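The block underneath contains the structure these notes are about, expressed in structure tokens.
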Amino acid sequence: MTDAVLDPVDFRNAMARFASGVTIVTTRAGDNLVGFTASAFSSLSLDPPLVLVCLEKKADSWEAFMAAERFAVSILAAGQWDLAIRFATKGIDKFDGAPMTTGELTGLPLIAGAIVHLECRIYDRPDAGDHTILVGEVLRAVNTDGEPLLHFNRSSGRFVAG
């Protein structure tokens, strides 16, 4: 039996079929705020409380996150797709006009109106192919009511309980 060679397009299309929430992850690099959109986000551990988020090494914010000691995660609410697109776009001021609030523990920017805010301390940064996995120890978690923004098959949608 020989190993088949996986077509990258087939892999990308298969992963697009996995429904997930959408997050915006932020940090500070000197006086500059940086951030990115991620759907590759997950809880990792309860003790200690850890989350992970995957950051592409080609991302314009990669260097800042490699130097950061802390980061913040906003789990977006339904209706915040425009912000997800904004923070996924390279070469623009992602924070210009974005509704922001400030994390109480880290002082990092969080998306106003998001259904969850997490403030994290860097716990680890393992290498993973063309991405780096940011593992964060959650220092503070704030939950609000609201519907999550979901990402499926390259578009956004809402959760409908069945």
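Here, A, B, ... name the chains of the structure tokens in the order displayed, residue numbers run from 1 inside each chain, and ligands are numbered from 1 in the same displayed order.
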Residues of segment 109-153 of chain A in strand (DSSP E or B), written as a PyMOL selection string: chain A and resi 109-111+116-124+127-128+131-143+148+150-152
I'd like the contact shell of Arg121 of chain A - 9 Å cut-off, only C-alpha atoms, skipping same-chain residues fewer than 4 positions apart - returned as a list in words.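 So the residues in contact are Ala68, Glu69, Arg70, Phe71, Ala72, Thr106, Val135, Gly136, Glu137, Val138 and Leu139 of chain A.
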Suppose we keep N, CA, C and O atoms; can you now write the selection as a JSON list (two decimals), in the first residue's frame?
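Result file is out_29.json:
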```
[["chain", "number", "residue", "atom", "x", "y", "z"],
["A", 68, "ALA", "N", 4.99, 38.94, 21.56],
["A", 68, "ALA", "CA", 4.01, 39.32, 22.59],
["A", 68, "ALA", "C", 4.05, 38.40, 23.80],
["A", 68, "ALA", "O", 4.34, 37.21, 23.68],
["A", 69, "GLU", "N", 3.74, 38.94, 24.93],
["A", 69, "GLU", "CA", 3.60, 38.16, 26.16],
["A", 69, "GLU", "C", 2.15, 37.83, 26.46],
["A", 69, "GLU", "O", 1.85, 36.92, 27.22],
["A", 70, "ARG", "N", 1.24, 38.58, 25.84],
["A", 70, "ARG", "CA", -0.19, 38.40, 26.08],
["A", 70, "ARG", "C", -0.96, 38.60, 24.77],
["A", 70, "ARG", "O", -0.49, 39.27, 23.86],
["A", 71, "PHE", "N", -2.16, 38.03, 24.71],
["A", 71, "PHE", "CA", -3.06, 38.29, 23.60],
["A", 71, "PHE", "C", -4.49, 38.23, 24.10],
["A", 71, "PHE", "O", -4.76, 37.73, 25.19],
["A", 72, "ALA", "N", -5.40, 38.77, 23.30],
["A", 72, "ALA", "CA", -6.82, 38.79, 23.66],
["A", 72, "ALA", "C", -7.62, 38.17, 22.52],
["A", 72, "ALA", "O", -7.25, 38.29, 21.35],
["A", 106, "THR", "N", -5.23, 42.99, 30.71],
["A", 106, "THR", "CA", -4.12, 43.12, 29.76],
["A", 106, "THR", "C", -4.03, 44.48, 29.11],
["A", 106, "THR", "O", -2.99, 44.83, 28.55],
["A", 135, "VAL", "N", -0.68, 29.21, 22.12],
["A", 135, "VAL", "CA", -1.37, 28.62, 23.27],
["A", 135, "VAL", "C", -1.39, 29.69, 24.35],
["A", 135, "VAL", "O", -0.33, 30.23, 24.73],
["A", 136, "GLY", "N", -2.58, 30.00, 24.81],
["A", 136, "GLY", "CA", -2.73, 31.04, 25.82],
["A", 136, "GLY", "C", -3.35, 30.52, 27.10],
["A", 136, "GLY", "O", -4.30, 29.74, 27.06],
["A", 137, "GLU", "N", -2.79, 30.96, 28.22],
["A", 137, "GLU", "CA", -3.42, 30.69, 29.51],
["A", 137, "GLU", "C", -4.44, 31.79, 29.74],
["A", 137, "GLU", "O", -4.10, 32.98, 29.74],
["A", 138, "VAL", "N", -5.69, 31.41, 29.91],
["A", 138, "VAL", "CA", -6.76, 32.38, 30.06],
["A", 138, "VAL", "C", -6.71, 32.97, 31.47],
["A", 138, "VAL", "O", -6.80, 32.25, 32.47],
["A", 139, "LEU", "N", -6.55, 34.29, 31.52],
["A", 139, "LEU", "CA", -6.49, 35.02, 32.79],
["A", 139, "LEU", "C", -7.85, 35.57, 33.18],
["A", 139, "LEU", "O", -8.13, 35.74, 34.37]]
```
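Taking segment 24-102 of chain A and asking which residues DSSP calls alpha helix (DSSP H) on the backbone, you get Trp62, Glu63, Ala64, Phe65, Met66, Ala67, Trp81, Asp82, Leu83, Ala84, Ile85, Arg86, Phe87 and Ala88 of chain A.
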Hey, which bits of segment 78-125 of chain A sit within 12 Å of segment 41-62 of chain A, and for each residue what's the closest pair of atoms and how far apart in Å (one decimal), counting only C-alpha atoms, rows by chain and increasing number, as CSV?
```
residue,atom,partner,partner_atom,distance
A:Phe87,CA,A:Ser61,CA,10.5
A:Ala88,CA,A:Ala59,CA,9.2
A:Thr89,CA,A:Asp60,CA,9.5
A:Lys90,CA,A:Asp60,CA,6.7
A:Gly91,CA,A:Asp60,CA,7.8
A:Ile92,CA,A:Asp60,CA,10.2
A:Asp93,CA,A:Asp60,CA,11.4
A:Lys94,CA,A:Ser61,CA,11.0
A:Leu118,CA,A:Val51,CA,9.3
A:Glu119,CA,A:Val51,CA,10.4
A:Cys120,CA,A:Leu50,CA,8.5
A:Arg121,CA,A:Leu50,CA,9.4
A:Ile122,CA,A:Leu50,CA,9.6
A:Tyr123,CA,A:Leu50,CA,8.1
A:Asp124,CA,A:Leu52,CA,9.3
A:Arg125,CA,A:Leu52,CA,9.4
```
Interface rows for segment 60-94 of chain A against segment 142-154 of chain A: nearest pair, Å to one decimal, 10 Å, only C-alpha atoms, as JSON lines:
```
{"residue": "A:Ser74", "atom": "CA", "partner": "A:Val142", "partner_atom": "CA", "distance": 9.7}
{"residue": "A:Ile75", "atom": "CA", "partner": "A:Pro148", "partner_atom": "CA", "distance": 7.5}
{"residue": "A:Leu76", "atom": "CA", "partner": "A:Leu149", "partner_atom": "CA", "distance": 5.6}
{"residue": "A:Ala77", "atom": "CA", "partner": "A:Pro148", "partner_atom": "CA", "distance": 4.3}
{"residue": "A:Ala78", "atom": "CA", "partner": "A:Leu149", "partner_atom": "CA", "distance": 4.0}
{"residue": "A:Gly79", "atom": "CA", "partner": "A:Leu149", "partner_atom": "CA", "distance": 6.9}
{"residue": "A:Gln80", "atom": "CA", "partner": "A:Leu149", "partner_atom": "CA", "distance": 6.9}
{"residue": "A:Trp81", "atom": "CA", "partner": "A:Leu149", "partner_atom": "CA", "distance": 7.2}
{"residue": "A:Ala84", "atom": "CA", "partner": "A:Leu149", "partner_atom": "CA", "distance": 9.4}
```
Please measure the separation of atom CA of Asp130 of chain A and atom CA of Thr37 of chain A, giving the value in Å to one decimal. 16.3 Å
Spatial neighbours of Val25 of chain A, 6 Å, only C-alpha atoms, chain gap at least 3 places, as a PyMOL selection string: chain A and resi 35-36+72-73
Convert the current residue selection to file output with C-alpha atoms, as a compact mmCIF listing (two decimals), in the first residue's frame.
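Writing the result to result.txt gives the following:
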```txt
# COMPACT_ATOMS: atom_id res chain seq x y z
CA GLY A 35 -4.86 41.56 15.12
CA PHE A 36 -6.17 38.82 12.87
CA ALA A 72 -6.82 38.79 23.66
CA VAL A 73 -9.57 36.83 21.90
```
Just give me the gap between atom CA of Thr102 of chain A and atom CA of Thr26 of chain A in Å, one decimal is fine. 10.9 Å
Pairwise distance for atom CA of Gly162 of chain A and atom CA of Ile24 of chain A, rounded to one decimal in Å: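 Straight-line distance from atom CA of Gly162 of chain A to atom CA of Ile24 of chain A works out to 27.6 Å.
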Restricting the calculation to only C-alpha atoms, which member of A:Leu110, A:Leu105, A:Ala14, A:Ala141 is positioned closest to Val34 of chain A?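 Using only C-alpha atoms, the shortest distance to Val34 of chain A belongs to A:Leu110.
With distances restricted to only C-alpha atoms, A:Ile115 is the closest residue to Thr23 of chain A from A:Ile115, A:Phe11, A:Thr132, A:Leu6.
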I'd like the contact shell of Ala67 of chain A - 8 Å cut-off, only C-alpha atoms, skipping same-chain residues fewer than 3 positions apart - returned as a ChimeraX atom specification. /A:29,63-64
Write a file of the selected residues as a PDB file, in the first residue's frame, keeping N, CA and C atoms.
```pdb
ATOM      1  N   ALA A  29       2.141  45.648  19.708  1.00  0.00           N
ATOM      2  CA  ALA A  29       3.565  45.620  19.370  1.00  0.00           C
ATOM      3  C   ALA A  29       4.080  47.045  19.527  1.00  0.00           C
ATOM      4  N   GLU A  63       4.994  38.408  13.393  1.00  0.00           N
ATOM      5  CA  GLU A  63       6.146  38.832  14.197  1.00  0.00           C
ATOM      6  C   GLU A  63       5.707  39.439  15.522  1.00  0.00           C
ATOM      7  N   ALA A  64       4.658  40.228  15.501  1.00  0.00           N
ATOM      8  CA  ALA A  64       4.173  40.854  16.727  1.00  0.00           C
ATOM      9  C   ALA A  64       3.715  39.797  17.734  1.00  0.00           C
TER      10      ALA A  64
END
```
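Nearest to Gly113 of chain A of all the residues A:Ala4, A:Leu83, A:Ile133, A:Ala128 is A:Leu83, counting only C-alpha atoms.
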